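Student: My structure file protein-v6.cif, mmCIF, C-alpha atoms, is below:
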data_coords
loop_
_atom_site.group_PDB
_atom_site.id
_atom_site.type_symbol
_atom_site.label_atom_id
_atom_site.label_comp_id
_atom_site.auth_asym_id
_atom_site.auth_seq_id
_atom_site.Cartn_x
_atom_site.Cartn_y
_atom_site.Cartn_z
ATOM 1 C CA MET A 1 -13.716 -11.949 -68.135
ATOM 2 C CA LYS A 2 -10.080 -10.903 -67.584
ATOM 3 C CA PHE A 3 -9.324 -7.347 -66.486
ATOM 4 C CA LEU A 4 -6.110 -5.716 -67.580
ATOM 5 C CA GLN A 5 -4.104 -3.762 -64.995
ATOM 6 C CA ASN A 6 -3.791 -0.066 -65.687
ATOM 7 C CA PRO A 7 -0.018 0.559 -66.047
ATOM 8 C CA THR A 8 -0.348 4.132 -64.748
ATOM 9 C CA SER A 9 -2.264 2.993 -61.645
ATOM 10 C CA ALA A 10 0.303 0.308 -60.914
ATOM 11 C CA LYS A 11 3.128 2.834 -61.111
ATOM 12 C CA ARG A 12 1.307 5.112 -58.710
ATOM 13 C CA ARG A 13 0.808 2.296 -56.215
ATOM 14 C CA TYR A 14 4.467 1.322 -56.517
ATOM 15 C CA GLY A 15 5.523 4.919 -55.976
ATOM 16 C CA LEU A 16 3.284 5.242 -52.933
ATOM 17 C CA LEU A 17 4.616 2.003 -51.453
ATOM 18 C CA LYS A 18 8.186 3.143 -52.049
ATOM 19 C CA ALA A 19 7.497 6.479 -50.362
ATOM 20 C CA LEU A 20 5.881 4.790 -47.355
ATOM 21 C CA THR A 21 8.793 2.377 -47.011
ATOM 22 C CA LEU A 22 11.308 5.200 -47.194
ATOM 23 C CA GLY A 23 9.296 7.160 -44.624
ATOM 24 C CA PHE A 24 9.263 4.195 -42.262
ATOM 25 C CA PHE A 25 13.037 3.799 -42.404
ATOM 26 C CA LEU A 26 13.563 7.524 -41.909
ATOM 27 C CA LEU A 27 11.279 7.487 -38.867
ATOM 28 C CA ALA A 28 13.066 4.460 -37.451
ATOM 29 C CA SER A 29 16.410 6.181 -37.884
ATOM 30 C CA VAL A 30 15.406 9.356 -36.025
ATOM 31 C CA MET A 31 13.402 7.786 -33.199
ATOM 32 C CA PRO A 32 16.453 7.004 -31.002
ATOM 33 C CA THR A 33 17.513 10.645 -31.287
ATOM 34 C CA VAL A 34 14.006 11.851 -30.470
ATOM 35 C CA LEU A 35 13.812 9.561 -27.448
ATOM 36 C CA ALA A 36 17.261 10.636 -26.324
ATOM 37 C CA ASN A 37 16.212 14.267 -26.583
ATOM 38 C CA GLU A 38 13.088 13.595 -24.567
ATOM 39 C CA SER A 39 15.202 11.861 -21.923
ATOM 40 C CA GLU A 40 17.513 14.859 -21.943
ATOM 41 C CA LYS A 41 14.563 17.153 -21.350
ATOM 42 C CA SER A 42 13.393 15.101 -18.390
ATOM 43 C CA THR A 43 16.652 15.734 -16.553
ATOM 44 C CA THR A 44 16.887 19.448 -17.316
ATOM 45 C CA PHE A 45 15.920 21.497 -14.288
ATOM 46 C CA ASN A 46 15.556 25.252 -13.916
ATOM 47 C CA SER A 47 14.103 27.884 -11.600
ATOM 48 C CA THR A 48 10.542 26.738 -12.337
ATOM 49 C CA THR A 49 11.166 23.097 -11.431
ATOM 50 C CA THR A 50 8.886 21.795 -8.682
ATOM 51 C CA LEU A 51 9.493 19.001 -6.208
ATOM 52 C CA GLN A 52 6.597 17.077 -7.760
ATOM 53 C CA THR A 53 8.218 17.326 -11.195
ATOM 54 C CA ILE A 54 11.458 15.935 -9.791
ATOM 55 C CA LEU A 55 9.671 12.898 -8.348
ATOM 56 C CA THR A 56 8.677 11.782 -11.846
ATOM 57 C CA SER A 57 12.023 12.527 -13.486
ATOM 58 C CA SER A 58 13.882 9.735 -15.280
ATOM 59 C CA HIS A 59 17.002 10.143 -13.129
ATOM 60 C CA ARG A 60 15.206 8.362 -10.276
ATOM 61 C CA SER A 61 15.171 4.570 -10.229
ATOM 62 C CA ALA A 62 11.910 2.627 -10.002
ATOM 63 C CA ALA A 63 13.021 1.256 -6.623
ATOM 64 C CA ASN A 64 13.538 4.755 -5.218
ATOM 65 C CA SER A 65 10.290 6.061 -6.654
ATOM 66 C CA ASP A 66 8.436 3.142 -5.105
ATOM 67 C CA ARG A 67 9.398 4.418 -1.660
ATOM 68 C CA ASP A 68 7.683 7.778 -2.152
ATOM 69 C CA LYS A 69 4.466 6.343 -0.728
ATOM 70 C CA TYR A 70 6.250 5.674 2.569
ATOM 71 C CA ARG A 71 8.501 8.731 2.722
ATOM 72 C CA HIS A 72 6.243 11.509 1.380
ATOM 73 C CA PRO A 73 9.197 13.628 0.243
ATOM 74 C CA VAL A 74 7.253 16.565 -1.179
ATOM 75 C CA GLN A 75 5.076 16.988 1.905
ATOM 76 C CA THR A 76 8.059 16.505 4.220
ATOM 77 C CA LEU A 77 10.270 19.081 2.498
ATOM 78 C CA GLU A 78 7.393 21.547 2.221
ATOM 79 C CA PHE A 79 6.699 21.110 5.937
ATOM 80 C CA PHE A 80 10.323 21.989 6.667
ATOM 81 C CA GLY A 81 9.891 25.076 4.470
ATOM 82 C CA LEU A 82 12.356 24.231 1.719
ATOM 83 C CA ARG A 83 12.694 26.943 -0.954
ATOM 84 C CA SER A 84 14.664 26.779 -4.179
ATOM 85 C CA ASN A 85 17.002 29.665 -3.263
ATOM 86 C CA MET A 86 18.183 28.181 0.030
ATOM 87 C CA THR A 87 21.579 26.868 1.081
ATOM 88 C CA VAL A 88 20.858 23.463 2.627
ATOM 89 C CA VAL A 89 23.006 20.896 4.429
ATOM 90 C CA GLU A 90 21.917 17.265 4.251
ATOM 91 C CA LEU A 91 23.498 15.267 7.072
ATOM 92 C CA TRP A 92 24.518 11.640 6.502
ATOM 93 C CA PRO A 93 22.768 11.290 3.114
ATOM 94 C CA GLY A 94 23.281 7.511 2.949
ATOM 95 C CA SER A 95 22.715 6.269 -0.585
ATOM 96 C CA GLY A 96 21.391 9.675 -1.659
ATOM 97 C CA TRP A 97 17.664 8.967 -1.736
ATOM 98 C CA TYR A 98 16.787 12.496 -0.636
ATOM 99 C CA THR A 99 19.855 13.988 -2.327
ATOM 100 C CA GLU A 100 18.481 13.139 -5.774
ATOM 101 C CA ILE A 101 15.347 15.149 -4.954
ATOM 102 C CA ILE A 102 16.896 18.132 -3.176
ATOM 103 C CA ALA A 103 19.888 18.604 -5.513
ATOM 104 C CA PRO A 104 17.958 19.413 -8.714
ATOM 105 C CA PHE A 105 15.484 21.547 -6.765
ATOM 106 C CA LEU A 106 18.306 23.779 -5.512
ATOM 107 C CA ALA A 107 20.529 23.600 -8.602
ATOM 108 C CA SER A 108 19.349 26.808 -10.260
ATOM 109 C CA LYS A 109 19.193 29.296 -7.375
ATOM 110 C CA GLY A 110 20.349 27.511 -4.227
ATOM 111 C CA GLN A 111 23.104 25.272 -2.916
ATOM 112 C CA LEU A 112 23.088 21.749 -1.515
ATOM 113 C CA ILE A 113 25.881 20.677 0.819
ATOM 114 C CA VAL A 114 26.145 17.003 1.763
ATOM 115 C CA THR A 115 28.366 15.275 4.282
ATOM 116 C CA ASN A 116 30.575 12.276 3.588
ATOM 117 C CA PHE A 117 33.221 10.617 5.687
ATOM 118 C CA ALA A 118 36.788 11.837 5.267
ATOM 119 C CA SER A 119 39.190 9.396 3.603
ATOM 120 C CA SER A 120 36.549 6.716 3.902
ATOM 121 C CA THR A 121 36.998 3.301 2.329
ATOM 122 C CA SER A 122 33.556 2.101 3.366
ATOM 123 C CA LYS A 123 31.424 0.828 0.515
ATOM 124 C CA PRO A 124 28.424 3.096 1.284
ATOM 125 C CA ALA A 125 30.563 6.246 1.357
ATOM 126 C CA LEU A 126 32.387 5.328 -1.839
ATOM 127 C CA ALA A 127 29.125 4.374 -3.540
ATOM 128 C CA PHE A 128 27.583 7.728 -2.626
ATOM 129 C CA GLN A 129 30.591 9.622 -3.947
ATOM 130 C CA GLN A 130 30.406 7.626 -7.191
ATOM 131 C CA LYS A 131 26.679 8.353 -7.489
ATOM 132 C CA LEU A 132 27.430 12.080 -7.452
ATOM 133 C CA ALA A 133 30.271 11.751 -9.943
ATOM 134 C CA ASP A 134 28.267 9.616 -12.379
ATOM 135 C CA ASP A 135 25.517 12.179 -12.952
ATOM 136 C CA PRO A 136 26.938 15.721 -13.124
ATOM 137 C CA LYS A 137 23.715 17.070 -14.646
ATOM 138 C CA ILE A 138 21.908 16.242 -11.417
ATOM 139 C CA PHE A 139 24.676 16.509 -8.843
ATOM 140 C CA GLY A 140 27.306 18.715 -10.475
ATOM 141 C CA LYS A 141 26.610 21.675 -8.169
ATOM 142 C CA VAL A 142 26.446 19.629 -4.966
ATOM 143 C CA LYS A 143 29.194 20.470 -2.487
ATOM 144 C CA VAL A 144 30.609 17.576 -0.433
ATOM 145 C CA VAL A 145 31.938 18.340 3.047
ATOM 146 C CA GLU A 146 34.153 15.656 4.526
ATOM 147 C CA ILE A 147 33.622 14.934 8.204
ATOM 148 C CA ASN A 148 35.206 12.651 10.768
ATOM 149 C CA PRO A 149 32.953 12.701 13.843
ATOM 150 C CA PRO A 150 33.107 13.509 16.638
ATOM 151 C CA ASN A 151 36.199 15.658 16.147
ATOM 152 C CA GLU A 152 35.818 16.954 12.587
ATOM 153 C CA LEU A 153 32.254 18.197 12.184
ATOM 154 C CA THR A 154 32.444 21.554 10.437
ATOM 155 C CA LEU A 155 29.502 21.624 8.051
ATOM 156 C CA ALA A 156 29.804 25.153 6.668
ATOM 157 C CA PRO A 157 31.000 28.594 7.752
ATOM 158 C CA GLU A 158 29.288 29.829 10.900
ATOM 159 C CA ASN A 159 25.834 31.390 10.381
ATOM 160 C CA SER A 160 25.862 30.670 6.634
ATOM 161 C CA VAL A 161 23.142 28.117 5.803
ATOM 162 C CA ASP A 162 19.352 28.347 5.731
ATOM 163 C CA MET A 163 18.431 24.760 6.526
ATOM 164 C CA VAL A 164 19.899 21.523 7.854
ATOM 165 C CA VAL A 165 18.016 18.272 7.275
ATOM 166 C CA THR A 166 18.478 14.722 8.481
ATOM 167 C CA PHE A 167 16.491 11.609 7.658
ATOM 168 C CA ARG A 168 16.574 8.538 9.946
ATOM 169 C CA ASN A 169 20.084 9.129 11.283
ATOM 170 C CA ILE A 170 19.690 10.088 14.927
ATOM 171 C CA HIS A 171 19.629 6.495 16.222
ATOM 172 C CA ASN A 172 23.043 5.984 14.604
ATOM 173 C CA TRP A 173 24.457 9.151 16.165
ATOM 174 C CA VAL A 174 23.168 8.143 19.586
ATOM 175 C CA LYS A 175 24.676 4.686 19.236
ATOM 176 C CA ALA A 176 28.018 6.188 18.179
ATOM 177 C CA GLY A 177 27.921 8.629 21.094
ATOM 178 C CA TYR A 178 28.186 11.897 19.177
ATOM 179 C CA ALA A 179 24.593 13.075 18.656
ATOM 180 C CA ASP A 180 25.140 16.198 20.758
ATOM 181 C CA GLN A 181 28.178 17.173 18.677
ATOM 182 C CA VAL A 182 26.143 16.866 15.466
ATOM 183 C CA TYR A 183 23.387 19.100 16.840
ATOM 184 C CA ALA A 184 25.999 21.648 17.923
ATOM 185 C CA ALA A 185 27.621 21.629 14.463
ATOM 186 C CA ALA A 186 24.232 22.143 12.793
ATOM 187 C CA TYR A 187 23.412 25.006 15.150
ATOM 188 C CA LYS A 188 26.727 26.692 14.413
ATOM 189 C CA ALA A 189 26.327 26.436 10.631
ATOM 190 C CA LEU A 190 22.759 27.757 10.535
ATOM 191 C CA LYS A 191 21.891 31.420 10.232
ATOM 192 C CA PRO A 192 19.748 32.861 13.030
ATOM 193 C CA GLY A 193 16.214 31.945 12.021
ATOM 194 C CA GLY A 194 17.492 28.910 10.104
ATOM 195 C CA ILE A 195 15.630 25.603 10.166
ATOM 196 C CA MET A 196 16.674 22.122 11.254
ATOM 197 C CA GLY A 197 14.359 19.430 9.841
ATOM 198 C CA VAL A 198 14.358 16.011 11.477
ATOM 199 C CA GLU A 199 12.789 12.719 10.445
ATOM 200 C CA GLU A 200 13.425 9.716 12.706
ATOM 201 C CA HIS A 201 12.022 6.307 13.636
ATOM 202 C CA ARG A 202 9.588 6.874 16.517
ATOM 203 C CA ALA A 203 9.535 4.623 19.574
ATOM 204 C CA LYS A 204 6.696 3.826 21.931
ATOM 205 C CA PRO A 205 6.610 6.255 24.883
ATOM 206 C CA GLY A 206 8.827 5.315 27.811
ATOM 207 C CA ILE A 207 11.522 3.458 25.874
ATOM 208 C CA SER A 208 14.952 3.324 27.481
ATOM 209 C CA LEU A 209 18.060 4.635 25.752
ATOM 210 C CA GLN A 210 19.517 1.135 25.647
ATOM 211 C CA GLU A 211 16.387 -0.193 23.955
ATOM 212 C CA SER A 212 16.462 2.670 21.450
ATOM 213 C CA ILE A 213 20.027 1.823 20.497
ATOM 214 C CA LYS A 214 19.097 -1.837 20.129
ATOM 215 C CA THR A 215 15.907 -1.353 18.086
ATOM 216 C CA GLY A 216 16.594 1.876 16.165
ATOM 217 C CA TYR A 217 13.403 3.496 17.474
ATOM 218 C CA MET A 218 13.959 6.815 19.269
ATOM 219 C CA SER A 219 11.856 8.562 21.887
ATOM 220 C CA GLU A 220 10.219 11.635 20.347
ATOM 221 C CA ASP A 221 10.360 13.534 23.632
ATOM 222 C CA GLY A 222 14.014 12.519 23.987
ATOM 223 C CA VAL A 223 14.923 13.757 20.521
ATOM 224 C CA ILE A 224 13.166 17.076 21.090
ATOM 225 C CA ALA A 225 14.912 17.570 24.428
ATOM 226 C CA ALA A 226 18.346 16.763 22.974
ATOM 227 C CA VAL A 227 17.958 19.090 19.973
ATOM 228 C CA GLU A 228 16.607 21.918 22.117
ATOM 229 C CA LYS A 229 19.511 21.438 24.523
ATOM 230 C CA ALA A 230 21.761 22.499 21.621
ATOM 231 C CA GLY A 231 19.898 25.823 21.455
ATOM 232 C CA PHE A 232 17.131 25.055 18.944
ATOM 233 C CA LYS A 233 13.418 25.645 19.519
ATOM 234 C CA LEU A 234 10.739 23.237 18.312
ATOM 235 C CA VAL A 235 8.312 25.090 16.040
ATOM 236 C CA GLY A 236 6.343 22.242 14.474
ATOM 237 C CA LYS A 237 5.444 18.567 14.419
ATOM 238 C CA SER A 238 3.888 16.657 11.541
ATOM 239 C CA GLU A 239 2.307 13.234 11.183
ATOM 240 C CA ILE A 240 3.190 13.094 7.474
ATOM 241 C CA ASN A 241 5.393 10.041 8.058
ATOM 242 C CA ALA A 242 3.332 8.322 10.738
ATOM 243 C CA ASN A 243 2.480 4.634 10.317
ATOM 244 C CA SER A 244 -0.093 3.221 12.722
ATOM 245 C CA LYS A 245 0.559 -0.317 11.432
ATOM 246 C CA ASP A 246 4.056 -0.298 12.895
ATOM 247 C CA THR A 247 3.911 -2.243 16.183
ATOM 248 C CA LYS A 248 7.617 -1.619 16.960
ATOM 249 C CA ASP A 249 8.130 -4.992 18.616
ATOM 250 C CA TYR A 250 10.119 -6.955 16.032
ATOM 251 C CA PRO A 251 13.041 -9.298 16.722
ATOM 252 C CA GLY A 252 15.337 -7.310 14.441
ATOM 253 C CA GLY A 253 14.182 -3.861 15.507
ATOM 254 C CA VAL A 254 13.265 -1.277 12.877
ATOM 255 C CA TRP A 255 15.439 -3.090 10.318
ATOM 256 C CA THR A 256 12.841 -5.883 10.267
ATOM 257 C CA LEU A 257 10.639 -3.614 8.141
ATOM 258 C CA PRO A 258 11.249 -2.447 4.568
ATOM 259 C CA PRO A 259 13.549 -1.498 3.011
ATOM 260 C CA VAL A 260 16.029 -3.682 4.947
ATOM 261 C CA LEU A 261 13.750 -6.685 5.708
ATOM 262 C CA SER A 262 16.403 -8.199 7.967
ATOM 263 C CA GLN A 263 14.405 -11.388 8.574
ATOM 264 C CA GLY A 264 14.714 -12.413 4.943
ATOM 265 C CA GLN A 265 11.784 -14.510 3.794
ATOM 266 C CA LYS A 266 10.416 -15.062 7.297
ATOM 267 C CA ASP A 267 7.070 -13.217 7.566
ATOM 268 C CA ARG A 268 8.190 -11.119 4.620
ATOM 269 C CA GLN A 269 4.705 -10.405 3.310
ATOM 270 C CA ARG A 270 3.555 -9.339 6.773
ATOM 271 C CA PHE A 271 6.353 -6.780 7.024
ATOM 272 C CA LEU A 272 5.776 -5.550 3.473
ATOM 273 C CA THR A 273 2.113 -5.018 4.361
ATOM 274 C CA ILE A 274 3.121 -2.956 7.405
ATOM 275 C CA GLY A 275 5.436 -0.840 5.272
ATOM 276 C CA GLU A 276 8.245 1.402 6.495
ATOM 277 C CA SER A 277 8.521 2.554 10.091
ATOM 278 C CA ASP A 278 6.407 5.010 12.043
ATOM 279 C CA ARG A 279 8.379 8.268 12.034
ATOM 280 C CA MET A 280 8.420 11.579 13.828
ATOM 281 C CA THR A 281 8.814 14.643 11.598
ATOM 282 C CA LEU A 282 10.022 17.669 13.525
ATOM 283 C CA LYS A 283 10.865 21.254 12.626
ATOM 284 C CA PHE A 284 13.271 23.289 14.763
ATOM 285 C CA VAL A 285 14.522 26.858 14.426
ATOM 286 C CA LYS A 286 17.741 28.537 15.508
ATOM 287 C CA PRO A 287 16.379 31.556 17.374
ATOM 288 C CA LYS A 288 17.242 35.018 16.158
ATOM 289 C CA ALA A 289 19.129 37.274 18.525
ATOM 290 C CA PRO A 290 16.821 39.363 20.769
#
So that I can check it, write out the structure of this file as structure tokens.
Tutor:
Amino acid sequence: MKFLQNPTSAKRRYGLLKALTLGFFLLASVMPTVLANESEKSTTFNSTTTLQTILTSSHRSAANSDRDKYRHPVQTLEFFGLRSNMTVVELWPGSGWYTEIIAPFLASKGQLIVTNFASSTSKPALAFQQKLADDPKIFGKVKVVEINPPNELTLAPENSVDMVVTFRNIHNWVKAGYADQVYAAAYKALKPGGIMGVEEHRAKPGISLQESIKTGYMSEDGVIAAVEKAGFKLVGKSEINANSKDTKDYPGGVWTLPPVLSQGQKDRQRFLTIGESDRMTLKFVKPKAP
């Protein structure tokens, strides 16, 4: 038996198919805009933005995010006492790993000041400056102070900032011979009661200064003594960035470990398993006047 197709039913099916097809194309045409808007939202920060929110923001690369497990940025900055309404100086920001976390956190109510080398033609300094220029939504309010140590080290007007932070830089200052001048500049810029937060590669006890310069690992007692000599007082230590797997006895010093991996493919998996260096995390205060 042959069944005849109902003309009305066929028209309805055709109309439904046409509507679905049109809907599909309309959806496809608006999706890029929707996704772009969502991306826009992910890089919009305000007074309610938390450090944890910033860690998952799309402005951070996968490579930088992957280092969170070694660097514990939220816990470290909270230990230092970072608040969103502070004026903060970040010393020697390098490629800006911490800058991309601190800058949006302070953008609404605070101020981030970063150092860069005056009239520098070095690739790292130029790359950092370009990083700031390329993303004004994240870094547009960041103030760059040009320095030329040891002679030009004015970070901010005297007694004007709430916090100074530095991450894995002290070994470089010691090697260059101007660590004391940096501590003095930080002390001068900070308000009485202001905080200096320090993270640095930690050596085995008893290491000589020459060995520290060679390996990049600094004596914790030595760092504390040098910073306190500038007038600061130690008010806290944290093991947030400790790494008991770090044996500190590598042929290439601390640069043997990630992220540098100076030995190339030699024992690479071993060093990746160890992770980044064992680090001291110290909190100092500029005492208030009696």
Student: May I ask which of the residues A:Gly197, A:Gly222, A:Thr256, A:Asn116 is the closest one to Lys143 of chain A, counting only C-alpha atoms?
Tutor: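 Of A:Gly197, A:Gly222, A:Thr256, A:Asn116, the one nearest Lys143 of chain A, counting only C-alpha atoms, is A:Asn116.
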Student: Show me, as number ranges by chain, the residues that have an atom within 7 Å of Arg202 of chain A when counting all atoms listed in the file, minus same-chain residues fewer than 6 positions from it.
Tutor: A: 217-220, 278-280
Student: Select, from A:Ala225, A:Lys188, A:Thr273, A:Glu199, the residue with the minimum atom-to-atom distance to Ala242 of chain A, counting all atoms listed in the file.
Tutor: A:Glu199
Student: Tell me which of A:Lys233, A:Lys137, A:Lys286, A:Lys204 sits closest to Asp162 of chain A, counting only C-alpha atoms.
Tutor: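 Checking each candidate against Asp162 of chain A, we get A:Lys286 as the closest.
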Student: Between A:Ala203, A:Ile224, A:Val198, A:Leu91, single out the one closest to Phe79 of chain A, counting all atoms listed in the file.
Tutor: A:Val198
Student: Using all atoms listed in the file, which of the listed residues (A:Asn172, A:Gln111, A:Thr154, A:Ser208) sits closest to Tyr187 of chain A?
Tutor: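 Nearest candidate to Tyr187 of chain A out of A:Asn172, A:Gln111, A:Thr154, A:Ser208: A:Thr154.
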Student: Measure the distance from atom CA of Ser277 of chain A to atom CA of Leu51 of chain A in Å and round it to one decimal.
Tutor: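 Separation of atom CA of Ser277 of chain A and atom CA of Leu51 of chain A: 23.2 Å.
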Student: Calculate how many Å separate atom CA of Leu77 of chain A from atom CA of Ile102 of chain A, rounding to one decimal.
Tutor: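 If I compute the distance from atom CA of Leu77 of chain A to atom CA of Ile102 of chain A, I get 8.8 Å.
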Student: Could you tell me how far atom CA of Glu158 of chain A lies from atom CA of Lys141 of chain A, in Å and to one decimal?
Tutor: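 Taking atom CA of Glu158 of chain A and atom CA of Lys141 of chain A, their separation equals 20.9 Å.
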Student: Got a sec to write segment 159-168 of chain A of the block to a file, all heavy atoms, as an mmCIF file, in the first residue's frame?
Tutor:
data_model
loop_
_atom_site.group_PDB
_atom_site.id
_atom_site.type_symbol
_atom_site.label_atom_id
_atom_site.label_comp_id
_atom_site.auth_asym_id
_atom_site.auth_seq_id
_atom_site.Cartn_x
_atom_site.Cartn_y
_atom_site.Cartn_z
ATOM 1 N N ASN A 159 59.003 58.497 52.702
ATOM 2 C CA ASN A 159 57.873 58.184 53.595
ATOM 3 C C ASN A 159 56.518 58.186 52.877
ATOM 4 O O ASN A 159 55.515 58.658 53.421
ATOM 5 C CB ASN A 159 57.812 59.179 54.762
ATOM 6 C CG ASN A 159 59.062 59.187 55.604
ATOM 7 O OD1 ASN A 159 59.653 58.141 55.863
ATOM 8 N ND2 ASN A 159 59.494 60.372 56.018
ATOM 9 N N SER A 160 56.475 57.636 51.664
ATOM 10 C CA SER A 160 55.236 57.741 50.874
ATOM 11 C C SER A 160 54.593 56.411 50.507
ATOM 12 O O SER A 160 53.450 56.400 50.053
ATOM 13 C CB SER A 160 55.508 58.516 49.578
ATOM 14 O OG SER A 160 56.371 57.776 48.718
ATOM 15 N N VAL A 161 55.274 55.284 50.663
ATOM 16 C CA VAL A 161 54.694 54.015 50.215
ATOM 17 C C VAL A 161 54.423 53.092 51.397
ATOM 18 O O VAL A 161 55.037 53.190 52.459
ATOM 19 C CB VAL A 161 55.594 53.304 49.164
ATOM 20 C CG1 VAL A 161 55.886 54.222 47.998
ATOM 21 C CG2 VAL A 161 56.883 52.800 49.775
ATOM 22 N N ASP A 162 53.482 52.178 51.191
ATOM 23 C CA ASP A 162 53.050 51.268 52.256
ATOM 24 C C ASP A 162 53.835 49.966 52.280
ATOM 25 O O ASP A 162 53.964 49.335 53.335
ATOM 26 C CB ASP A 162 51.565 50.921 52.074
ATOM 27 C CG ASP A 162 50.687 52.146 52.096
ATOM 28 O OD1 ASP A 162 50.584 52.784 53.167
ATOM 29 O OD2 ASP A 162 50.107 52.496 51.041
ATOM 30 N N MET A 163 54.324 49.553 51.106
ATOM 31 C CA MET A 163 54.982 48.251 51.029
ATOM 32 C C MET A 163 56.002 48.245 49.904
ATOM 33 O O MET A 163 55.784 48.844 48.846
ATOM 34 C CB MET A 163 53.951 47.138 50.802
ATOM 35 C CG MET A 163 54.514 45.736 50.706
ATOM 36 S SD MET A 163 53.214 44.465 50.516
ATOM 37 C CE MET A 163 52.495 44.471 52.167
ATOM 38 N N VAL A 164 57.121 47.562 50.141
ATOM 39 C CA VAL A 164 58.112 47.284 49.111
ATOM 40 C C VAL A 164 58.283 45.775 49.067
ATOM 41 O O VAL A 164 58.408 45.131 50.112
ATOM 42 C CB VAL A 164 59.466 47.960 49.415
ATOM 43 C CG1 VAL A 164 60.518 47.554 48.386
ATOM 44 C CG2 VAL A 164 59.321 49.477 49.445
ATOM 45 N N VAL A 165 58.256 45.197 47.872
ATOM 46 C CA VAL A 165 58.419 43.749 47.751
ATOM 47 C C VAL A 165 59.528 43.423 46.759
ATOM 48 O O VAL A 165 59.772 44.176 45.806
ATOM 49 C CB VAL A 165 57.107 43.059 47.292
ATOM 50 C CG1 VAL A 165 56.057 43.138 48.390
ATOM 51 C CG2 VAL A 165 56.588 43.654 45.995
ATOM 52 N N THR A 166 60.184 42.298 47.004
ATOM 53 C CA THR A 166 61.202 41.812 46.085
ATOM 54 C C THR A 166 61.177 40.295 46.078
ATOM 55 O O THR A 166 61.039 39.655 47.127
ATOM 56 C CB THR A 166 62.604 42.326 46.455
ATOM 57 O OG1 THR A 166 63.563 41.757 45.554
ATOM 58 C CG2 THR A 166 63.002 41.948 47.877
ATOM 59 N N PHE A 167 61.313 39.733 44.886
ATOM 60 C CA PHE A 167 61.212 38.286 44.714
ATOM 61 C C PHE A 167 62.462 37.768 43.996
ATOM 62 O O PHE A 167 62.678 38.058 42.822
ATOM 63 C CB PHE A 167 59.949 37.934 43.912
ATOM 64 C CG PHE A 167 58.692 38.499 44.518
ATOM 65 C CD1 PHE A 167 58.156 39.693 44.035
ATOM 66 C CD2 PHE A 167 58.062 37.867 45.571
ATOM 67 C CE1 PHE A 167 57.010 40.235 44.593
ATOM 68 C CE2 PHE A 167 56.908 38.400 46.142
ATOM 69 C CZ PHE A 167 56.389 39.586 45.650
ATOM 70 N N ARG A 168 63.302 37.048 44.724
ATOM 71 C CA ARG A 168 64.487 36.368 44.188
ATOM 72 C C ARG A 168 65.444 37.335 43.478
ATOM 73 O O ARG A 168 65.906 37.056 42.387
ATOM 74 C CB ARG A 168 64.061 35.245 43.231
ATOM 75 C CG ARG A 168 63.132 34.228 43.876
ATOM 76 C CD ARG A 168 62.452 33.347 42.867
ATOM 77 N NE ARG A 168 61.874 34.109 41.777
ATOM 78 C CZ ARG A 168 60.731 34.780 41.859
ATOM 79 N NH1 ARG A 168 60.033 34.796 42.976
ATOM 80 N NH2 ARG A 168 60.286 35.460 40.812
#
